[in-house]
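K.L.:
One structure is given below, represented as structure tokens, and several questions about it will come after.
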Amino acid sequence: MSTIIEKPEAAAKLAAAPAFNREGLIFEHSKKGRRGYSLPALDVPRRELSDLLPAELRRDTIDDECEVSEVDVIRHFTRLSKLNVSIDAGLYPLGSCTMKHNPRINEEIARIGGFAQSHPMQPEDQVQGNLELLWNLEQSLKEILGMPRVTLQPVAGAHRELTGILMIHKALATGGNARKYILIPDSAHGTNPASANFAGYGIRELKSNSRGTLDLDLLEKQVDEDVAALMITVPNTLGVFEDQITAIAGILHRKGAYLYCDGANLNSFVGIARPGDMGIDVIHSNLHKTFSTPHGGGGPGAGPVGVSERLIPFLPTPTIEKGDDGSFFLDYNHAASIGRVRAFNGNFGVLVRALTYMRSMGPTGLRRVAQLAVLNANYIRARLKAAYHLPYDAPSLHEVVFSDRNQTSRDVHTLDIAKRLMDYGFHPPTIYFPLIVAGALMIEPTETEPKEELDAFCDAMLAIATECEERPELVRSAPHTTPVRRLDEARAARQPILRWKP
Amino acid sequence: MRYIPNASEDIREMLAVVGVDSIDRLFETIPDAVKLDRLLDLPGPWSEIEQRRWFNGLARKNRTAVDHDSFLGAGAYSHFQPACVDQLLLRSEFLTSYTPYQPEVSQGTLQSIFEYQTHQCLLTGLDVANASLYDGSTALVEAVLLAERVSRNRKKVVVAQSVHPHYRDTVTTYVQNLGLEVVEVPWGPDGRIDPEQLRDACTDDVMAVAVQSPNFLGVIEDYASIASIADGVKATKIAVIAEASSLGLLSPPGAHGFDVAVGEGQAWGIAPQFGGPYVGFMVVRDVLKRHMPGRLVGETVDVDGRRAFVLTLATREQHIRRGKATSNICTNEALIALAANIYLSLMGREGLREVAVQCVQKAAYLRQQLATTGLAEIPFSGPIYNEFTVRTSRPASEVLAAFAEQKILGGVAIGEFFPELQNDFLVAVTEMNTREQMDRYVEVLRGVVTKEAR
């Protein structure tokens with residue numbers, strides 16, 4: 001422990017030295033005449049460009065583009081990479097983000113030439129391997145989610161939400177009244193209201209109760225003939241399972257509305273329970289969370305949407321089908337479909353990785369995922385609850401949300417605690433979310449963390465709690481050991497510099 | 001379980017700290033009525049040996065450029081993929097990090113995005129690029145929505161019929177409940193958008209005009225004349241670029257007064273991988289930057305005055321503005337944008353041009369061979385970059401099937417999108433295609449066509 005506490009202070013002195021370890025922009029490495037590539041010589045007779053393209057359609061140069069060698073490029077990006085922290089280097093406890101280990105066999109499989117070099121506009125008979133893979137992925141997701149059909153087209157959580165709400169809109173409109181509002185709890189992720197808006201709906205916000213869940217009485221009052229659906233996250237952003245989920249579904253269905261489930265937190269109950277058995281009409285699953293595909297600094301993601309029987313006619317096109325002869329095909333023949341939500345066939349490369357992961361885990365492994373994810377989160381909760389305030393004390397599953405209430409009396413806030421964690425070598429948790437918790441610290445360790453790492457994290461959090469009491473300034477001025485320290489974010493927004501200029 | 005470190009001893013110790021006697025106790029808030037009383041019915045668990053066996057078996061059922069000559073395009077292209085790109089992508093610090101919300105420990109990702117944004121500006125001739133969108137089709141959607149936000153209540157968007165059909169379909173899906181009207185304008189005999197029909201379509205309730213160049217038929221549009229027509233009704237001018245390598249040689253949309261350039265960055269070193277993940281880009285004039293969807297990275301300083309990068313102008317985004325955000329996008333295509341940045345840096349000013357020049361020269365060669373031998377008709381006379389439409393006397397699907405028998409992926413049939421063009425297909429030629437491949441292409445086509453004649 002003592003070394004952990006000392007290290008940040010020693011490094012703090014070092015960090016006070018100006019501009020260490022900073023890497024210039026690739027454009028600043030540029031020197032005339034340097035080359036990072038070679039191409040075969042042109043093997044057809046070279047014609048005058050002016051014979052091929054009129055001058056007004058051409059550019060002479062790409063002004064200010066860089067000229068660098070391969071060595072420059074490798075060094076530059078390697079140095080840049082060292083300025084990031086990553087899940088491969090240690091616990092990355094972002095709540096709601098499910099930062100779990102990214103298995104390398106997934107990367108290898110996705111890079112097999114027969115997959116990586118396959119083209120999205122080839123006839124079906126040339127890509128039977130891909131279609132069989134996608135068909136198998138849909139079968140597996142149907143079983144995992146308990147839903148009768150799943151589309152693999154959408155490529156991210158927000159994209160999926162839009163797809164799901166568009167389907168609900170189309171289904172209701174087909175029945176004669178598309179309705180006007182989507183109900184969204186105040187604990188929801190920001191993409192929920194944004195997606196509902198872009199699908200053509202207004203938003204009605206629902207207050208959470210003291211457990212962080214929904215009150216059935218309140219819901220009953222809010223669901224009227226204008227409400228198209230409730231968008232709910234299960235378990236919610238506090239990690240609390242909506243134990244009245246079937247009753248919630250019942251209320252909506254009785255009024256002719258739909259229950260949309262944001263499946264971002266599927267990691268907490270995969271293999272334990274299934275959305276389809278809860279009366280849910282639409283569920284999306286973030287394959288870049290539960291199914292281990294890498295986050296890549298913000299994407300790509302991928303993602304399926306599972307739907308209940310009555311929404312199947314409205315699925316986006318194409319769907320993947322298996323013919324009587326055992327061959328696979330893309331089916332565009334869905335008259336009521338909402339249409340195409342993206343060019344081509346979804347984020348295929350991500351889908352390959354997710355199926356690889358499902359096969360690595362199998363049914364026993366997937367169940368173990370939820371069990372250990374929940375145990376790990378509850379272990380952190382147990383170890384930290386004496387030092388950090390727990391605003392909602394209902395039992396939580398895969399994540400735990402603390403607040404800074406115990407620390408604010410020393411004028412230390414969530415942001416400071418988050419920044420100080422960096423000095424201990426950890427990425428901070430999700431902060432100031434969900435919005436219903438003032439000063440939220442939302443911690444999700446996932447199942448892939450060993451106990452030693454959880455202990456090191458808890459030790460760091462406890463040490464910071466002590467520092468908040470004894471040396472609050474040290475925490476308020478953190479981080480001290482990172483490549484850069486706190487940034488002037490106001491300046492970035494007030495005088496935006498959004499590109500390099502020579 | 002190789003991805004789950006904690007074993008029985010750890011679990012016993014942790015349960016003791018939590019104060020429960022079994023893991024099942026932690027799931028008591030999930031009602032028994034919805035709990036699964038069995039294991040999921042799924043294959044596995046598989047070892048890596050079994051994974052390789054099964055997935056390689058599937059991959060072998062595909063026909064790809066690995067062992068075929070490929071002339072496939074139509075929005076996804078076979079280009080040179082430098083070894084460096086994928087090697088660098090596999091670095092843990094890029095691959096396994098999250099969205100850079102904590103800038104002190106994410107400068108690598110943030111600086112790379114800033115560089116990516118700069119490349120986009122230089123290539124398109126516009127001012128402000130975002131951190132990435134999902135792909136070319138959804139980038140076009142976002143451009144249309146942006147135009148609507150700045151349009152003062154105009155609701156009509158004019159889209160060239162020669163914009164990629166998947167892109168047009170995606171726009172139709174997205175706007176179906178937003179009260180927007182999409183008006184499509186056909187092409188003329190040269191394959192370019194018909195200027196008279198464009199002028200007729202540009203009524204004063206039109207908020208945006210979107211054209212693709214090179215268009216879906218392979219023909220390069222005349223940005224200047226389109227801009228002058230759109231300017232007549234003060235519509236936002238949107239250029240769609242589905243073949244990003246063309247920006248190495250073709251005059252960029254920003255040079256002709258276009259307001260927004262969107263497109264697909266797959267050509268920048270990204271494998272075709274059956275359609276994704278790719279990277280959508282969007283670049284706008286400076287006055288539009290606060291209407292931009294998605295993440296933006298800006299330069300600033302830290303408390304010690306050192307240059308640093310940070311996500312900025314976030315008040316546009318859903319995590320702040322929720323229902324009133326400029327877009328619902330959250331997860332984007334950051335890793336693919338990094339790949340594009342590495343590719344663009346490596347190729348640089350000269351390499352990007354050389355790739356584009358080789359594309360133009362080689363495509364011109366094959367196009368001329370096909371035309372002069374009389375084996376195929378070239379139905380559109382407009383200037384091309386690296387792709388063109390070919391028409392023969394036989395249905396395109398039959399011709400392409402005959403090519404496949406000779407291990408040639410000969411092109412993309414377009415009759416599915418334009419029923420009157422059943423005999424037409426697109427042929428794309430890049431720096432990856434050799435003269436020998438092209439000469440063989442001509443010979444195989446000769447066989448296919450003459451077989452029909454007999």
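By order in the structure tokens, chains are A, B, ...; within a chain, residues start at 1; ligands start at 1, following the order shown.
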Neighbouring residues of A:Glu56 were defined as those with any atom within 12 Å, considering only C-alpha atoms; residues of the same chain fewer than 5 positions away were excluded. Please report them as a PyMOL selection string.

P.N.:
(chain A and resi 49-50) or (chain B and resi 220-225+249-253+255-256+383)

K.L.:
Hey, can you spit out that residue selection with N, CA and C atoms as a PDB file, in the first residue's frame?

P.N.:
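So out_38.pdb came out as:
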```pdb
ATOM      1  N   LEU A  49      -3.114  12.724 -68.403  1.00  0.00           N
ATOM      2  CA  LEU A  49      -4.286  12.887 -67.540  1.00  0.00           C
ATOM      3  C   LEU A  49      -5.333  13.787 -68.189  1.00  0.00           C
ATOM      4  N   SER A  50      -4.834  14.771 -68.953  1.00  0.00           N
ATOM      5  CA  SER A  50      -5.782  15.707 -69.562  1.00  0.00           C
ATOM      6  C   SER A  50      -6.645  15.014 -70.632  1.00  0.00           C
TER       7      SER A  50
ATOM      8  N   ILE B 220     -18.256  10.888 -63.028  1.00  0.00           N
ATOM      9  CA  ILE B 220     -17.917  12.041 -62.191  1.00  0.00           C
ATOM     10  C   ILE B 220     -18.889  13.175 -62.495  1.00  0.00           C
ATOM     11  N   GLU B 221     -19.507  13.701 -61.451  1.00  0.00           N
ATOM     12  CA  GLU B 221     -20.465  14.792 -61.622  1.00  0.00           C
ATOM     13  C   GLU B 221     -19.733  16.120 -61.798  1.00  0.00           C
ATOM     14  N   ASP B 222     -20.451  17.086 -62.344  1.00  0.00           N
ATOM     15  CA  ASP B 222     -19.904  18.434 -62.502  1.00  0.00           C
ATOM     16  C   ASP B 222     -20.381  19.290 -61.318  1.00  0.00           C
ATOM     17  N   TYR B 223     -19.525  19.328 -60.262  1.00  0.00           N
ATOM     18  CA  TYR B 223     -19.917  20.031 -59.045  1.00  0.00           C
ATOM     19  C   TYR B 223     -20.311  21.480 -59.337  1.00  0.00           C
ATOM     20  N   ALA B 224     -19.550  22.120 -60.213  1.00  0.00           N
ATOM     21  CA  ALA B 224     -19.742  23.564 -60.404  1.00  0.00           C
ATOM     22  C   ALA B 224     -21.148  23.874 -60.916  1.00  0.00           C
ATOM     23  N   SER B 225     -21.602  23.112 -61.917  1.00  0.00           N
ATOM     24  CA  SER B 225     -22.911  23.451 -62.477  1.00  0.00           C
ATOM     25  C   SER B 225     -24.031  23.067 -61.512  1.00  0.00           C
ATOM     26  N   LEU B 249      -7.222  12.658 -56.482  1.00  0.00           N
ATOM     27  CA  LEU B 249      -7.009  13.247 -57.801  1.00  0.00           C
ATOM     28  C   LEU B 249      -8.135  14.194 -58.231  1.00  0.00           C
ATOM     29  N   LEU B 250      -9.348  13.911 -57.770  1.00  0.00           N
ATOM     30  CA  LEU B 250     -10.475  14.708 -58.253  1.00  0.00           C
ATOM     31  C   LEU B 250     -10.602  16.005 -57.449  1.00  0.00           C
ATOM     32  N   SER B 251     -11.031  17.020 -58.142  1.00  0.00           N
ATOM     33  CA  SER B 251     -11.225  18.315 -57.502  1.00  0.00           C
ATOM     34  C   SER B 251     -12.273  18.163 -56.399  1.00  0.00           C
ATOM     35  N   PRO B 252     -11.951  18.624 -55.184  1.00  0.00           N
ATOM     36  CA  PRO B 252     -12.822  18.308 -54.049  1.00  0.00           C
ATOM     37  C   PRO B 252     -14.068  19.197 -54.005  1.00  0.00           C
ATOM     38  N   PRO B 253     -15.110  18.736 -53.337  1.00  0.00           N
ATOM     39  CA  PRO B 253     -16.368  19.495 -53.290  1.00  0.00           C
ATOM     40  C   PRO B 253     -16.201  20.891 -52.693  1.00  0.00           C
ATOM     41  N   ALA B 255     -13.952  22.922 -53.170  1.00  0.00           N
ATOM     42  CA  ALA B 255     -13.446  23.880 -54.164  1.00  0.00           C
ATOM     43  C   ALA B 255     -14.565  24.415 -55.054  1.00  0.00           C
ATOM     44  N   HIS B 256     -15.736  23.826 -54.951  1.00  0.00           N
ATOM     45  CA  HIS B 256     -16.849  24.244 -55.813  1.00  0.00           C
ATOM     46  C   HIS B 256     -18.030  24.759 -55.013  1.00  0.00           C
ATOM     47  N   PRO B 383     -17.205  11.383 -67.884  1.00  0.00           N
ATOM     48  CA  PRO B 383     -15.866  11.041 -67.376  1.00  0.00           C
ATOM     49  C   PRO B 383     -15.960  10.120 -66.162  1.00  0.00           C
TER      50      PRO B 383
END
```

K.L.:
Any chance you could list, as an MDAnalysis selection string, the residues in stretch 106-311 of chain A that come up helix (DSSP H, G or I) when DSSP is run on the backbone?

P.N.:
chainID A and resid 106:110 113:116 124:126 128:145 157:174 191:198 216:222 245:254 263:268 275:278 309:311

K.L.:
Excluding A:Gly157 and any residue of its chain fewer than 2 positions from it, enumerate the residues within 9 Å of it, using only C-alpha atoms, and give them as an MDAnalysis selection string.

P.N.:
(chainID A and resid 154:155 159:162 191 262:264 284:286 301:303) or (chainID B and resid 329:331)

K.L.:
Of the candidates A:Ile497, A:Met147, A:Ile436, A:Ile232, which one gets nearest to chain B if we count only C-alpha atoms?

P.N.:
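Smallest separation from chain B among the options: A:Ile497.
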
K.L.:
Could you check which of A:Ala438, A:Met278, A:Met231, A:Leu134 is closest to chain B, using only C-alpha atoms?

P.N.:
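Residue with the minimum atom-to-atom distance to chain B: A:Met278.
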
K.L.:
I'd like the contact shell of A:Gly439 - 10 Å cut-off, only C-alpha atoms, skipping same-chain residues fewer than 2 positions apart - returned as a CSV table (one decimal) with N, CA and C atoms, in the first residue's frame.

P.N.:
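What follows is the written file selection.csv:
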```csv
chain,number,residue,atom,x,y,z
A,401,VAL,N,-23.4,2.2,-8.0
A,401,VAL,CA,-23.3,3.6,-8.2
A,401,VAL,C,-23.1,4.3,-6.8
A,402,PHE,N,-22.0,4.9,-6.6
A,402,PHE,CA,-21.7,5.7,-5.3
A,402,PHE,C,-21.9,7.1,-5.7
A,403,SER,N,-21.8,8.0,-4.6
A,403,SER,CA,-21.8,9.4,-4.9
A,403,SER,C,-20.7,10.0,-4.0
A,404,ASP,N,-20.4,11.3,-4.2
A,404,ASP,CA,-19.4,12.0,-3.5
A,404,ASP,C,-19.8,12.7,-2.2
A,405,ARG,N,-21.0,12.3,-1.7
A,405,ARG,CA,-21.6,13.0,-0.6
A,405,ARG,C,-20.7,13.0,0.6
A,408,THR,N,-17.8,15.8,-0.2
A,408,THR,CA,-18.1,17.2,-0.5
A,408,THR,C,-17.8,18.1,0.6
A,413,HIS,N,-14.8,16.6,-5.0
A,413,HIS,CA,-16.0,16.2,-5.7
A,413,HIS,C,-15.6,15.0,-6.6
A,414,THR,N,-16.7,14.4,-7.2
A,414,THR,CA,-16.5,13.2,-8.0
A,414,THR,C,-15.5,13.4,-9.1
A,415,LEU,N,-15.4,14.5,-9.7
A,415,LEU,CA,-14.4,14.7,-10.8
A,415,LEU,C,-13.0,14.6,-10.2
A,431,ILE,N,-18.7,8.9,-14.6
A,431,ILE,CA,-19.0,9.9,-13.5
A,431,ILE,C,-20.2,10.8,-14.0
A,432,TYR,N,-20.9,11.3,-12.9
A,432,TYR,CA,-22.0,12.2,-13.1
A,432,TYR,C,-23.1,11.5,-14.0
A,433,PHE,N,-23.2,10.3,-14.0
A,433,PHE,CA,-24.3,9.5,-14.7
A,433,PHE,C,-24.5,8.3,-13.8
A,434,PRO,N,-25.8,7.9,-13.6
A,434,PRO,CA,-27.0,8.5,-14.1
A,434,PRO,C,-27.3,9.8,-13.5
A,435,LEU,N,-28.1,10.6,-14.2
A,435,LEU,CA,-28.3,12.0,-13.8
A,435,LEU,C,-29.1,12.1,-12.5
A,436,ILE,N,-29.8,11.0,-12.1
A,436,ILE,CA,-30.6,11.0,-10.9
A,436,ILE,C,-29.7,10.9,-9.6
A,437,VAL,N,-28.4,10.7,-9.8
A,437,VAL,CA,-27.5,10.7,-8.6
A,437,VAL,C,-26.6,11.9,-8.7
A,441,LEU,N,-20.7,8.1,-9.1
A,441,LEU,CA,-19.5,7.3,-9.5
A,441,LEU,C,-20.0,5.9,-9.8
A,442,MET,N,-20.0,5.6,-11.1
A,442,MET,CA,-20.7,4.4,-11.5
A,442,MET,C,-19.7,3.4,-11.9
```

K.L.:
Ranking B:Gly108, B:Gly75, B:Gly275, B:Pro419 by minimum distance to A:Lys82 and counting only C-alpha atoms, which one comes first?

P.N.:
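For A:Lys82, the nearest of the candidates is B:Gly108.
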